[in-house]
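A.B. asks: Have a look at this one.
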4 protein chains.
Amino acid sequence: MLHFLNDYQEGAHPEVLKKLIDTNFEPLPGYGEDKYSLSAAEKIRDACECPEAEVRFIAGGTQTNVLVIDSMLKSYEGVIAAETGHVSVHEAGAVEASGHKVLTVPHTEGKLHAADADRLIADFYNDENHEHMVFPGMIYISHPTEYGTLYTKAELEEIYSVCRKWDIPLYIDGARLAYALASRDTDLTLPDIARLCDVFYIGGTKCGALCGEALVFTKNNMPEHFTTLIKSHLALGAKGRLTGVQFDALFTDDLYFRIGRRAIDTAMRMKEIMKEKGFRLYLDSPTNQQFFIIENSKVPELYSKVACGFMDKYDDEHSIIRLCTSWATDMRSVEALRDVI
Amino acid sequence: MLHFLNDYQEGAHPEVLKKLIDTNFEPLPGYGEDKYSLSAAEKIRDACECPEAEVRFIAGGTQTNVLVIDSMLKSYEGVIAAETGHVSVHEAGAVEASGHKVLTVPHTEGKLHAADADRLIADFYNDENHEHMVFPGMIYISHPTEYGTLYTKAELEEIYSVCRKWDIPLYIDGARLAYALASRDTDLTLPDIARLCDVFYIGGTKCGALCGEALVFTKNNMPEHFTTLIKSHLALGAKGRLTGVQFDALFTDDLYFRIGRRAIDTAMRMKEIMKEKGFRLYLDSPTNQQFFIIENSKVPELYSKVACGFMDKYDDEHSIIRLCTSWATDMRSVEALRDVI
Amino acid sequence: MLHFLNDYQEGAHPEVLKKLIDTNFEPLPGYGEDKYSLSAAEKIRDACECPEAEVRFIAGGTQTNVLVIDSMLKSYEGVIAAETGHVSVHEAGAVEASGHKVLTVPHTEGKLHAADADRLIADFYNDENHEHMVFPGMIYISHPTEYGTLYTKAELEEIYSVCRKWDIPLYIDGARLAYALASRDTDLTLPDIARLCDVFYIGGTKCGALCGEALVFTKNNMPEHFTTLIKSHLALGAKGRLTGVQFDALFTDDLYFRIGRRAIDTAMRMKEIMKEKGFRLYLDSPTNQQFFIIENSKVPELYSKVACGFMDKYDDEHSIIRLCTSWATDMRSVEALRDVI
Amino acid sequence: MLHFLNDYQEGAHPEVLKKLIDTNFEPLPGYGEDKYSLSAAEKIRDACECPEAEVRFIAGGTQTNVLVIDSMLKSYEGVIAAETGHVSVHEAGAVEASGHKVLTVPHTEGKLHAADADRLIADFYNDENHEHMVFPGMIYISHPTEYGTLYTKAELEEIYSVCRKWDIPLYIDGARLAYALASRDTDLTLPDIARLCDVFYIGGTKCGALCGEALVFTKNNMPEHFTTLIKSHLALGAKGRLTGVQFDALFTDDLYFRIGRRAIDTAMRMKEIMKEKGFRLYLDSPTNQQFFIIENSKVPELYSKVACGFMDKYDDEHSIIRLCTSWATDMRSVEALRDVI
């Protein structure tokens with residue numbers, strides 16, 4: 001069986017695991033005040049070229065999304081997102097449970113358009129009855145998107161200028177940020193991202209950690225009493241070292257970027273092989289998630305040899321499947337695809 | 001100035017007001033346990049031909065909507081509504097503040113289609129990842145809709161059969177129910193409505209009361225400890241008599257239906273006059289809200305003579321305006337429209 | 001039967017009702033923007049000698065309490081109240097449903113002590129673990145308290161100075177404020193109250209209105225987009241005239257103060273009679289709620305002649321009962337007490 | 001420096017860490033459906049002698065507490081806890097953020113008395129106004145308590161019989177359960193605990209894991225769609241293996257019990273030494289947390305040699321300090337205490 005089901009099916013990258021082992025017996029303060037959390041934060045500030053960045057480590061993505069949305073919005077504000085955005089569809093109602101509406105706009109291959117968000121906000125303020133409606137209070141994008149696609153620098157600048165025009169924050173969900181940064185088709189660096197938003201997170205869980213996301217406030221804008229807010233949002237781990245140590249490893253010796261490159265190299269080779277084998281691309285993803293169109297009749301055989309994900313119906317005879325690579329994917333399993341399909 | 005701005009610009013229908021005056025000095029128990037509230041509930045059960053109906057009086061529509069949604073849904077469930085539904089757009093985030101997502105489907109002239117709701121639910125359960133999504137837990141419709149349109153009996157039966165198929169409740173927002181029941185183009189009676197849903201409300205605020213909506217559970221399905229739920233949803237008035245007395249009047253001598261008929265008679269005449277005067281209908285509403293298309297250049301003059309509402313842009317040169325009638329509209333002001341426009 | 005059960009058993013004071021009748025047919029804008037709401041606000045600003053006061057009308061007390069608490073506190077803050085405070089005990093969990101903890105301190109006859117609140121806050125900030133606890137974010141008091149007692153000016157100044165010391169707002173629940181202002185044993189005027197807190201409400205429901213409370217922000221501190229906050233807290237009535245007209249009447253010709261005096265005069269006389277008749281005072285209330293200790297064996301007979309409220313067990317043989325007066329109590333029924341008991 | 005600050009200052013017990021290492025490269029399904037989570041659940045069912053137990057793994061204690069409380073209570077219900085209970089004081093308002101009030105009762109050395117809970121519930125139902133109050137919907141206890149004390153089997157039976165009398169669930173917070181089970185002064189086994197409550201959790205974070213708590217529903221009473229509830233309560237980790245693998249290790253070869261015994265052995269020896277050295281016990285804890293009374297003047301010197309926790313002021317001249325042991329405490333550091341103090 002070849003494993004391309006997702007990018008979180010293995011444990012931690014060996015260098016991450018090693019650091020957990022090496023530090024295991026050190027007595028350290030809890031709740032994120034240990035030296036590894038502090039060191040990881042410093043390394044992230046450096047990597048972002050953003051000395052004023054405030055960095056906190058959170059165990060998972062849903063926690064991070066809800067924490068950011070609920071702590072940065074007023075109670076009468078909602079968050080604008082593409083209708084395919086993770087916060088729009090796949091948070092099991094956790095955003096609404098925190099009291100906020102997701103205001104959706106159309107998407108293209110998972111990407112939100114600046115003009116759509118701008119129009120939603122302008123229409124809101126032009127509406128005589130807008131006091132009876134949810135105020136647009138933030139724009140949320142994911143990079144890479146849920147379809148593996150990437151914003152260009154020009155697109156991100158345009159979205160951020162909409163945010164500045166209306167004085168609302170831009171939040172970037174970087175659950176798979178390593179794969180965006182390592183893509184061969186991006187003009188956005190980590191410092192660009194830190195500069196072109198108000199808050200974002202650097203994903204760990206799907207990029208080589210056992211768990212953990214690094215939440216980065218880039219504009220001296222971390223909400224007051226944020227530790228209490230993390231706790232009241234059920235996201236404060238007693239052993240803060242668990243995420244701190246891992247991110248300290250991820251930002252040592254460029255590991256986070258090496259993890260990204262390994263996944264991109266294997267993903268690009270996988271795309272070539274699949275195309276050679278006659279699979280049609282559903283869309284041309286420049287990151288570690290690859291989407292193909294397959295005849296329904298061939299699905300059972302494929303599933304018997306390759307662990308991959310069903311995404312959606314394409315038409316009555318075809319399905320869309322997803323194959324993912326990660327830090328743990330080696331080139332041999334990719335080449336092996338050629339033989340089994 | 002002719003007044004067609006909305007259906008809640010005057011106080012109470014004189015018969016409602018008279019009953020408030022007549023009962024003013026009687027000492028009565030609070031919180032809805034007074035004899036007028038009990039009598040009004042009994043009259044509503046009769047009018048609905050639903051002896052087992054449980055009836056409670058709530059001050060306003062947003063309260064009622066949120067109370068129903070939050071007390072009937074599990075925390076992981078959302079409510080399906082047309083994208084134009086009041087709960088989708090005009091509750092200022094109160095539904096989400098109670099923790100529930102609104103799951104929107106397309107609309108035609110404000111009406112939700114049974115097939116769309118059915119497909120949304122079927123797609124949800126077919127999705128392998130549905131445990132990460134909001135469960136569809138209720139269908140919400142308004143009757144009349146926000147566009148003044150009405151469901152036919154066949155349409156309502158179809159929507160209710162979708163609810164029964166998936167075992168979720170149907171909730172009908174009857175903020176303007178008097179005008180639906182009195183419409184010349186409806187085949188739905190009040191007993192039909194009681195039979196074809198699980199819970200609905202009979203609007204008072206927009207149908208002749210100073211305030212108040214009668215919430216009716218028709219299937220022995222009022223949530224347990226509902227008085228406490230009303231209070232914790234900020235909707236329990238100390239002087240329950242205020243709504244009880246009013247609904248007792250509204251359901252005496254057919255007043256609620258007379259109010260509806262008066263508004264329909266004036267609305268239909270108004271539609272004729274407006275058409276004679278060359279106004280195009282935006283849609284052909286059978287109830288008390290009428291929508292017309294008007295050239296933007298003519299709006300200021302109209303506004304100087306007729307109080308009415310701007311609804312939306314129609315195209316670059318035209319707007320959609322709304323004229324409403326109510327119990328307080330007399331035929332003379334309708335005929336006067338002919339002279340001023 | 002003599003009626004002393006509570007102060008909200010009748011409808012509205014005749015002058016209030018008359019104004020509702022007189023204005024009934026005027027077409028007015030909704031949602032609190034009608035001229036009567038504006039006029040009532042102006043009269044309240046005058047009566048408070050607080051020209052910068054921002055005044056909004058809300059239908060009921062629980063709504064007002066939760067709206068104030070939730071819109072003025074950060075999500076990680078709670079409200080300090082006496083353990084007998086209405087928000088501590090009798091809101092059916094509505095405060096917690098809005099996400100806020102009530103931090104209780106002991107009471108004396110319903111009154112909170114400044115020193116207790118100060119100590120709670122000081123202890124909080126001295127606690128090394130306070131980031132894991134709820135921040136004290138507001139002090140809530142009721143005046144009169146739930147036991148009919150009153151703060152002196154010196155006590156209120158002391159409580160307010162605690163608030164200023166810690167930079168948190170003081171909120172006064174004035175559900176029965178008319179009876180405080182009219183008490184023979186108070187040195188606090190309405191302007192004093194406006195000056196010595198950040199926000200308070202002037203109760204209507206229990207002081208002569210059909211419904212409604214006037215919420216007053218006295219320090220230019222009404223939260224932004226407050227209309228939306230009122231709506232999202234389920235407290236925005238479409239017919240804002242209903243509360244506006246009533247408060248316009250209550251603040252015309254000193255009606256609010258006359259209502260208070262009538263209730264105080266009858267309450268003081270009632271206290272004399274009850275004492276003459278051998279009833280022991282549970283506490284010596286200077287307002288319209290009077291509390292007496294009665295032998296359990298005599299309760300059934302009393303209940304058969306006098307509608308009054310059971311408050312609590314006093315000891316194994318005695319109960320505490322409450323008799324209330326209001327605008328609607330006339331002296332004859334008070335004198336009649338002498339004969340029936 | 002000797003380290004007795006708390007029981008979560010080191011990483012994971014070596015056997016736990018080893019299992020994480022050994023399984024690191026296995027591709028496994030996410031969200032708790034991996035074979036190690038299933039195996040750990042099975043081992044826990046065995047250890048509880050409760051074959052019908054439903055077991056889920058959650059990252060931390062606050063998450064678990066809020067998830068249990070919010071998913072098992074109706075919206076109008078609160079949870080009864082000792083005023084010192086973790087959910088009463090140290091959850092940063094997370095319980096209230098989920099909409100529930102904590103109804104507090106007095107404590108003795110951290111323990112709730114069955115009679116106090118029974119009286120609170122009886123008083124609630126006897127109160128004529130209880131519909132305006134929060135319904136008591138659950139009893140929460142921690143075992144060991146926040147003071148290290150333990151319930152006896154008789155006490156637990158009494159508390160559970162109160163729950164059955166009123167038909168509400170008993171929830172036991174076992175953040176430090178290993179130390180309760182290993183105490184020399186307990187008559188409660190793990191099967192006893194499973195039998196004498198409706199839901200409890202077996203703490204991992206403070207008992208040898210990097211993170212994680214095993215939540216156990218013992219009466220076929222896990223709420224429906226619990227995976228979605230876990231996610232909407234921000235507690236569903238993508239890499240469910242992280243907690244599953246750790247609990248699989250903790251329940252292999254009696255590790256969880258060995259961890260408990262090690263901490264108890266060192267704690268009991270530490271208590272002897274401290275007593276020999278003249279420290280007064282604040283209370284006589286039978287578990288891994290030990291509390292001593294110390295003169296304020298001696299605190300700085302102690303702190304310079306021994307990492308321990310300040311708990312509270314004892315009187316003007318004395319403080320209460322806490323020393324903890326854990327799986328990671330060796331007897332040599334305990335004996336070393338003798339020399340440094």
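Here, A, B, ... name the chains of the structure tokens in the order displayed, residue numbers run from 1 inside each chain, and ligands are numbered from 1 in the same displayed order.
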Compute the chain C side of the contact with chain B at 9 Å, counting only C-alpha atoms, and hand it back as an MDAnalysis selection string.

C.D. replies: chainID C and resid 3 5 8:14 17 20:21 23:30 59:64 66 91:95 97:98 205:206 210:211 228:229 231:239 241:242 328

A.B. asks: Give me the residues within 10 Å of C:Lys305 as a list in words, counting only C-alpha atoms and dropping any in the same chain fewer than 6 places off.

C.D. replies: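 The contact residues come out as Met1, Leu2, His3, Leu337, Val340 and Ile341 of chain C.
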
A.B. asks: Neighbours of B:Thr152 within 10 Å (only C-alpha atoms; same-chain residues fewer than 6 positions away dropped), as JSON, numbers by chain?

C.D. replies: {"B": [158, 185, 186, 187, 188]}

A.B. asks: The selected residues should be written to file as a tab-separated table (two decimals), in the first residue's frame (atoms: N, CA, C and O atoms).

C.D. replies:
```tsv
chain	number	residue	atom	x	y	z
B	158	GLU	N	-44.54	19.62	0.69
B	158	GLU	CA	-43.29	19.05	0.20
B	158	GLU	C	-42.13	19.38	1.15
B	158	GLU	O	-41.29	18.53	1.47
B	185	ASP	N	-54.79	34.84	-2.73
B	185	ASP	CA	-54.09	33.82	-3.53
B	185	ASP	C	-53.44	32.77	-2.66
B	185	ASP	O	-52.31	32.36	-2.92
B	186	THR	N	-54.13	32.34	-1.64
B	186	THR	CA	-53.53	31.31	-0.80
B	186	THR	C	-54.51	30.16	-0.65
B	186	THR	O	-55.73	30.37	-0.63
B	187	ASP	N	-53.98	28.95	-0.57
B	187	ASP	CA	-54.83	27.81	-0.24
B	187	ASP	C	-54.47	27.26	1.14
B	187	ASP	O	-54.84	26.14	1.48
B	188	LEU	N	-53.74	28.06	1.93
B	188	LEU	CA	-53.31	27.61	3.26
B	188	LEU	C	-54.09	28.34	4.35
B	188	LEU	O	-54.03	29.56	4.47
```

A.B. asks: May I have the residues within 7 Å of stretch 48-55 of chain B as an mmCIF file with N, CA, C and O atoms, in the first residue's frame, using only C-alpha atoms and disregarding those fewer than 3 positions away in the same chain?

C.D. replies:
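out-v9.cif, written as the output of this step:
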```cif
data_model
loop_
_atom_site.group_PDB
_atom_site.id
_atom_site.type_symbol
_atom_site.label_atom_id
_atom_site.label_comp_id
_atom_site.auth_asym_id
_atom_site.auth_seq_id
_atom_site.Cartn_x
_atom_site.Cartn_y
_atom_site.Cartn_z
ATOM 1 N N ALA B 41 -54.289 31.835 24.601
ATOM 2 C CA ALA B 41 -53.744 30.555 24.151
ATOM 3 C C ALA B 41 -54.877 29.608 23.741
ATOM 4 O O ALA B 41 -54.788 28.916 22.713
ATOM 5 N N ILE B 44 -56.271 30.603 20.418
ATOM 6 C CA ILE B 44 -55.347 30.260 19.335
ATOM 7 C C ILE B 44 -55.407 28.758 19.054
ATOM 8 O O ILE B 44 -55.410 28.333 17.894
ATOM 9 N N ARG B 45 -55.466 27.954 20.099
ATOM 10 C CA ARG B 45 -55.631 26.507 19.877
ATOM 11 C C ARG B 45 -56.887 26.244 19.043
ATOM 12 O O ARG B 45 -56.866 25.437 18.113
ATOM 13 N N LEU B 190 -55.011 28.665 8.643
ATOM 14 C CA LEU B 190 -54.257 28.559 9.895
ATOM 15 C C LEU B 190 -54.174 27.103 10.374
ATOM 16 O O LEU B 190 -53.077 26.647 10.751
ATOM 17 N N PRO B 191 -55.269 26.335 10.333
ATOM 18 C CA PRO B 191 -55.128 24.917 10.706
ATOM 19 C C PRO B 191 -54.161 24.152 9.799
ATOM 20 O O PRO B 191 -53.437 23.267 10.273
ATOM 21 N N ALA B 194 -50.702 24.970 11.114
ATOM 22 C CA ALA B 194 -50.437 24.267 12.379
ATOM 23 C C ALA B 194 -50.128 22.792 12.127
ATOM 24 O O ALA B 194 -49.285 22.187 12.795
ATOM 25 N N ALA B 214 -47.113 35.229 19.022
ATOM 26 C CA ALA B 214 -47.636 34.026 19.682
ATOM 27 C C ALA B 214 -46.888 32.822 19.126
ATOM 28 O O ALA B 214 -47.052 32.466 17.958
ATOM 29 N N LEU B 215 -46.101 32.208 19.979
ATOM 30 C CA LEU B 215 -45.305 31.056 19.565
ATOM 31 C C LEU B 215 -46.118 29.797 19.814
ATOM 32 O O LEU B 215 -46.609 29.582 20.926
ATOM 33 N N VAL B 216 -46.246 28.961 18.793
ATOM 34 C CA VAL B 216 -47.132 27.799 18.867
ATOM 35 C C VAL B 216 -46.347 26.522 18.557
ATOM 36 O O VAL B 216 -45.826 26.363 17.443
ATOM 37 N N PHE B 217 -46.262 25.644 19.529
ATOM 38 C CA PHE B 217 -45.708 24.307 19.299
ATOM 39 C C PHE B 217 -46.877 23.384 19.014
ATOM 40 O O PHE B 217 -47.775 23.257 19.861
ATOM 41 N N THR B 218 -46.874 22.740 17.871
ATOM 42 C CA THR B 218 -48.079 22.034 17.436
ATOM 43 C C THR B 218 -48.030 20.529 17.630
ATOM 44 O O THR B 218 -49.020 19.849 17.374
ATOM 45 N N LYS B 219 -46.890 20.009 18.038
ATOM 46 C CA LYS B 219 -46.757 18.546 18.066
ATOM 47 C C LYS B 219 -46.342 18.051 19.450
ATOM 48 O O LYS B 219 -45.523 17.130 19.559
ATOM 49 N N ASN B 220 -46.906 18.663 20.481
ATOM 50 C CA ASN B 220 -46.497 18.271 21.845
ATOM 51 C C ASN B 220 -44.984 18.296 21.995
ATOM 52 O O ASN B 220 -44.395 17.396 22.610
ATOM 53 N N MET B 222 -42.970 21.248 22.845
ATOM 54 C CA MET B 222 -42.348 22.401 23.494
ATOM 55 C C MET B 222 -41.222 21.905 24.395
ATOM 56 O O MET B 222 -41.415 20.990 25.194
#
```
